[in-house]
Amino acid sequence: MTALAESKRSRPFLEVFAAELAPRRGRWAAVARIATGSTIAVVIAMIFQIPQPTYMAYIVFLISKDEKNATVTAALGASIAVTLAILLVLGLEIIDTSEPALRLPLMAMATFAAMFTARTFALGPISYLAGFIIVLLQSVVDDVRSPEVLTHLTLWTWVVVCVPIAVTVVVDLLFGQAAATFMDRTVLKVLMQWERSLANGDYRESLSEWRAQLLPLLEIAQHSTEKRPRAGRITVPVIRALLDALVIFEVLPDDLPIAVRDELAGRLRACRQAIGSDAAPVMTDSPAPPLQFAGAGNEQSPQMIAARSALSTLLSAISRPVASPDKTEAHHPPRQLFVADAFSNPANWQFALKTTMAVMISYATYTLLDWPGMRTAIVTCFFVALSSLGETVHKLLLRLSGAVIGGLISGLCIVFVLPHFTDIGQLCLLIFAVSLGAAWVATSSELLSYAGMQIAFAFFLGILQGYAPATDLTVLRDRVAGIVLGNIAITIIFSTFWPQSARSAIRAALADALRATGEVIRRPRDAAVARMRAIQALVRADHLRTLTLFELRMLPSHARESHNVPSVTSVERLAAAAFVIATDAISPYAETASAARLAAWAESAADDVSSRRPLPASPTPSTAAPESAIAPGARISQHAIEELESEVRHVASAAH
């Protein structure tokens, strides 16, 4: 778990853990919805004696999202996936029920197809879930006494999945938060924390974390933007302006004067007050210094002008939204059925093949041991397998720790609590109480949320063994043993065959960031799309940097090689310096030749990072004209170019 602490800019583990589990607006409501949905699903399963109440309770955790639109979308996709899977399984059972020599290859093919399309197909989540259900149902053929029972079990599976989906949708539609509310709360939280960090002087510590929180809001805003947006609403331009400002703050000096920090905090406060308000708040803080004084010191530097300009743009986007559609949307390429490198990138089929090997090894192991209770190994392989070893080990640790905690809670309840229960109401109270705790962990960030999911799953596996109070610890033991088996199989396979380090993915993300940064420098006045691409790449690189800490020394040395790769922090600062040049107050005066030279370096550096070559040497600094001989606006641009050249030299020297 040391990686959890390292991931948050070297904060202590307990501090990170406390921050992940801290209360926030809307968290109690989300936790209550999940716990209520799980309890209702269990009640329905017990009353109508539907098989597999464990999965019914757990599916509520899988389907529940932050806002109701996302929940409905996930529910629709899951319903389509399970319907297709059941139809396919019924067809397969006709031809392979009594033919293991045919059934096993079909299981392997279904696993491969599910994992391959999960990475390459536009409807990957649907095909992935359908493949998982097919493989899981095919794996129970050996334990079913007759084809008729197998058919009933297959048909019941549709009910097992769709009933909790319907329950979750109804609960969320009645009590869930709307997309606008979710966006308001997220943005307000970031602005409040940002304002507080300016007062404390640690305003650069959490910038990457805030960008990661805000980036998913772009897609939500694109689907929920009103035709005639009103003042105070969170729209796509608001989120883009906020992300731009978070990048620009990367190049602010560490020792800003208190008066300047207070001024910036006042601007953030004005933005926060504008959200939900029909009228723009009055700016009480001091205005930005006039251009003719730019460059005289930190308070009048291009970075400060860009920061003030970005916050002013943010306030304007909140309080005076533009009714016309965003012109930059037209530059986005149309969505394709498959990703660009679906069939050319060997990592796609290698990932699918590795997962298939782990699934079939797990299936063969518990079948040869005649230990069907370990079928949870297949579930583990499907849900733990991820692109890189760092991602897989991260999820492995969360799954194991969650399984231990959930299994321990379940075992204690079986021994000390369930013997005193006399009716279903008492069981529902227990389900609700434990679901509250598991859902609280599950509503954390990506660093910790999966542990909450696994606590719930392990608890439900032990408690919900049938339609009567559970009394047998053997079932719990077998299911936890299956989780361990699946994790071991995945870890061995992924670290042995074609090991993929998260460092390789970082290299690709940094190359994307450098390429987008070059485009920002080359066309500063028309770079909205390029800025978003750079931000997306930086968020991805920062997340992958966290995952590399989970790989430890499990990979061969050649897979862990990271020569000629610039640090994420240095590329963040380089992108921030480029964003400064692209600011409206500076871009009209940008010197074309110098900008073109620096843009060419960034694009060349992106190619070199992708090809694992050393970065090119930094370009020769331009010969600056005397400041007294140029106009004030050009003087600002000259200082901004000099700062960008400085960041380029830093990236070039640090990577060697």
# chains A, B, ... in the order shown; residues from 1 in each chain; ligands from 1

$ select_by_dssp --residues "range 153-296 of chain A" --states "helix (DSSP H, G or I)" --output "PyMOL selection string"
chain A and resi 153-175+179-200+207-214+217-224+236-251+258-274+291-293

$ residues_around --residues "range 362-372 of chain A" --least-positions-apart "3" --cutoff "12 Å" --atoms "only C-alpha atoms" --output "ChimeraX atom specification"
/A:100,104,107-108,135-136,138-144,355-359,375-382,474-475,477-479,481-490,492-493

$ atom_distance --atom1 "CA of Leu315 in chain A" --atom2 "CA of Ala274 in chain A"
7.3 Å

$ closest_residue --among "A:His223, A:Tyr203, A:Gly266, A:Ala505" --to "Pro253 in chain A" --atoms "only C-alpha atoms"
A:Tyr203

$ residues_around --residues "Ser435 in chain A" --least-positions-apart "4" --cutoff "12 Å" --atoms "only C-alpha atoms" --output "ChimeraX atom specification"
/A:30-40,42,57-58,60-61,406,409-410,428-431,439-443,452-460

$ residues_around --residues "Pro346 in chain A" --least-positions-apart "5" --cutoff "10 Å" --atoms "only C-alpha atoms" --output "list in words"
Asp341, Phe351 and Trp498 of chain A

$ write_last_selection --atoms "all heavy atoms" --output "PDB file, in the first residue's frame"
ATOM      1  N   ASP A 341      -5.724   1.274 -33.749  1.00  0.00           N
ATOM      2  CA  ASP A 341      -4.720   0.207 -33.796  1.00  0.00           C
ATOM      3  C   ASP A 341      -5.282  -1.128 -33.323  1.00  0.00           C
ATOM      4  O   ASP A 341      -4.564  -1.959 -32.769  1.00  0.00           O
ATOM      5  CB  ASP A 341      -3.509   0.588 -32.955  1.00  0.00           C
ATOM      6  CG  ASP A 341      -3.856   0.763 -31.480  1.00  0.00           C
ATOM      7  OD1 ASP A 341      -5.065   0.829 -31.151  1.00  0.00           O
ATOM      8  OD2 ASP A 341      -2.924   0.826 -30.650  1.00  0.00           O
ATOM      9  N   PHE A 351      -2.906  -9.290 -24.731  1.00  0.00           N
ATOM     10  CA  PHE A 351      -3.686  -9.120 -23.509  1.00  0.00           C
ATOM     11  C   PHE A 351      -4.839 -10.124 -23.465  1.00  0.00           C
ATOM     12  O   PHE A 351      -5.082 -10.777 -22.440  1.00  0.00           O
ATOM     13  CB  PHE A 351      -4.220  -7.697 -23.443  1.00  0.00           C
ATOM     14  CG  PHE A 351      -5.281  -7.472 -22.405  1.00  0.00           C
ATOM     15  CD1 PHE A 351      -4.949  -7.420 -21.063  1.00  0.00           C
ATOM     16  CD2 PHE A 351      -6.608  -7.317 -22.774  1.00  0.00           C
ATOM     17  CE1 PHE A 351      -5.931  -7.222 -20.093  1.00  0.00           C
ATOM     18  CE2 PHE A 351      -7.593  -7.114 -21.825  1.00  0.00           C
ATOM     19  CZ  PHE A 351      -7.252  -7.069 -20.477  1.00  0.00           C
ATOM     20  N   TRP A 498       4.800 -11.757 -22.371  1.00  0.00           N
ATOM     21  CA  TRP A 498       4.681 -10.404 -22.915  1.00  0.00           C
ATOM     22  C   TRP A 498       4.386  -9.391 -21.800  1.00  0.00           C
ATOM     23  O   TRP A 498       3.365  -8.696 -21.830  1.00  0.00           O
ATOM     24  CB  TRP A 498       3.562 -10.327 -23.952  1.00  0.00           C
ATOM     25  CG  TRP A 498       3.690 -11.316 -25.054  1.00  0.00           C
ATOM     26  CD1 TRP A 498       4.664 -11.371 -26.008  1.00  0.00           C
ATOM     27  CD2 TRP A 498       2.800 -12.414 -25.327  1.00  0.00           C
ATOM     28  NE1 TRP A 498       4.438 -12.422 -26.852  1.00  0.00           N
ATOM     29  CE2 TRP A 498       3.301 -13.077 -26.473  1.00  0.00           C
ATOM     30  CE3 TRP A 498       1.631 -12.887 -24.727  1.00  0.00           C
ATOM     31  CZ2 TRP A 498       2.667 -14.194 -27.003  1.00  0.00           C
ATOM     32  CZ3 TRP A 498       1.007 -13.992 -25.260  1.00  0.00           C
ATOM     33  CH2 TRP A 498       1.520 -14.630 -26.378  1.00  0.00           C
TER      34      TRP A 498
END

$ residues_around --residues "range 563-573 of chain A" --least-positions-apart "2" --cutoff "8 Å" --atoms "only C-alpha atoms" --output "ChimeraX atom specification"
/A:247,250-251,507,510,513-514,538,541-542,545,561,575-577,609,612-615,647,650-652,654-656

$ write_last_selection --atoms "N, CA, C and O atoms" --output "compact mmCIF listing (two decimals), in the first residue's frame"
# COMPACT_ATOMS: atom_id res chain seq x y z
N VAL A 247 -3.79 23.79 -15.53
CA VAL A 247 -2.50 23.53 -16.17
C VAL A 247 -1.58 24.74 -16.03
O VAL A 247 -0.40 24.62 -15.70
N GLU A 250 0.66 25.28 -13.04
CA GLU A 250 1.86 24.45 -12.87
C GLU A 250 3.14 25.27 -12.95
O GLU A 250 4.16 24.89 -12.37
N VAL A 251 3.11 26.40 -13.70
CA VAL A 251 4.34 27.17 -13.86
C VAL A 251 4.38 28.41 -12.98
O VAL A 251 5.31 29.22 -13.11
N ARG A 507 5.07 6.26 -21.49
CA ARG A 507 5.83 6.76 -22.64
C ARG A 507 4.87 7.21 -23.75
O ARG A 507 5.02 8.29 -24.33
N LEU A 510 3.00 10.43 -22.62
CA LEU A 510 3.85 11.61 -22.68
C LEU A 510 4.11 12.03 -24.12
O LEU A 510 4.19 13.23 -24.43
N ALA A 513 1.14 13.92 -25.14
CA ALA A 513 1.14 15.25 -24.52
C ALA A 513 2.11 16.19 -25.22
O ALA A 513 1.80 17.37 -25.46
N LEU A 514 3.30 15.69 -25.56
CA LEU A 514 4.28 16.53 -26.25
C LEU A 514 3.79 16.92 -27.64
O LEU A 514 3.96 18.06 -28.09
N LEU A 538 -1.92 14.17 -20.14
CA LEU A 538 -1.26 14.41 -18.86
C LEU A 538 -1.99 13.69 -17.72
O LEU A 538 -1.35 13.13 -16.82
N ALA A 541 -1.08 10.06 -18.04
CA ALA A 541 0.30 9.81 -17.62
C ALA A 541 0.44 9.85 -16.10
O ALA A 541 1.15 9.03 -15.51
N ASP A 542 -0.25 10.79 -15.46
CA ASP A 542 -0.16 10.88 -14.00
C ASP A 542 -0.77 9.64 -13.34
O ASP A 542 -0.25 9.13 -12.34
N ARG A 545 1.65 6.82 -13.75
CA ARG A 545 2.79 6.97 -12.85
C ARG A 545 2.49 6.35 -11.49
O ARG A 545 3.35 5.72 -10.87
N GLU A 561 12.66 -0.77 -18.14
CA GLU A 561 13.55 0.27 -18.68
C GLU A 561 12.78 1.57 -18.91
O GLU A 561 11.69 1.58 -19.45
N ALA A 575 3.90 21.88 -20.83
CA ALA A 575 2.56 22.15 -21.36
C ALA A 575 1.99 23.43 -20.77
O ALA A 575 1.34 24.22 -21.47
N ALA A 576 2.26 23.67 -19.49
CA ALA A 576 1.76 24.90 -18.86
C ALA A 576 2.39 26.13 -19.51
O ALA A 576 1.70 27.14 -19.75
N ALA A 577 3.69 26.07 -19.80
CA ALA A 577 4.34 27.21 -20.46
C ALA A 577 3.76 27.44 -21.85
O ALA A 577 3.63 28.58 -22.31
N VAL A 609 10.29 10.03 -28.12
CA VAL A 609 9.79 9.32 -26.94
C VAL A 609 9.06 8.05 -27.37
O VAL A 609 9.24 6.98 -26.78
N ARG A 612 11.57 5.42 -28.43
CA ARG A 612 12.59 5.09 -27.42
C ARG A 612 13.97 5.64 -27.79
O ARG A 612 15.00 5.06 -27.43
N ARG A 613 14.00 6.74 -28.52
CA ARG A 613 15.27 7.38 -28.86
C ARG A 613 15.54 8.52 -27.88
O ARG A 613 14.61 9.05 -27.26
N PRO A 614 16.78 8.94 -27.77
CA PRO A 614 17.07 10.11 -26.92
C PRO A 614 16.36 11.35 -27.44
O PRO A 614 16.20 11.53 -28.65
N LEU A 615 15.98 12.22 -26.55
CA LEU A 615 15.30 13.45 -26.94
C LEU A 615 16.27 14.37 -27.68
O LEU A 615 17.47 14.37 -27.41
N GLU A 647 11.80 25.78 -20.07
CA GLU A 647 11.17 24.48 -19.78
C GLU A 647 11.62 23.42 -20.78
O GLU A 647 11.80 22.26 -20.42
N HIS A 650 14.95 22.21 -19.76
CA HIS A 650 14.84 21.35 -18.58
C HIS A 650 14.39 19.95 -18.98
O HIS A 650 14.94 18.94 -18.50
N VAL A 651 13.41 19.85 -19.85
CA VAL A 651 12.93 18.53 -20.29
C VAL A 651 14.03 17.79 -21.04
O VAL A 651 14.26 16.60 -20.81
N ALA A 652 14.70 18.50 -21.94
CA ALA A 652 15.74 17.85 -22.75
C ALA A 652 16.90 17.36 -21.89
O ALA A 652 17.42 16.25 -22.11
N ALA A 654 16.83 16.72 -18.53
CA ALA A 654 16.42 15.75 -17.51
C ALA A 654 16.21 14.36 -18.08
O ALA A 654 16.33 13.36 -17.37
N ALA A 655 15.88 14.27 -19.37
CA ALA A 655 15.60 12.97 -19.97
C ALA A 655 16.87 12.20 -20.33
O ALA A 655 16.80 11.01 -20.61
N HIS A 656 18.00 12.86 -20.34
CA HIS A 656 19.25 12.19 -20.73
C HIS A 656 19.94 11.60 -19.51
O HIS A 656 19.92 12.17 -18.45

$ residues_around --residues "range 112-119 of chain A" --least-positions-apart "5" --cutoff "7 Å" --atoms "only C-alpha atoms" --output "ChimeraX atom specification"
/A:124-125,127-128,131,348-349,352-353,356

$ atom_distance --atom1 "CA of Ser618 in chain A" --atom2 "CA of Glu645 in chain A"
7.9 Å
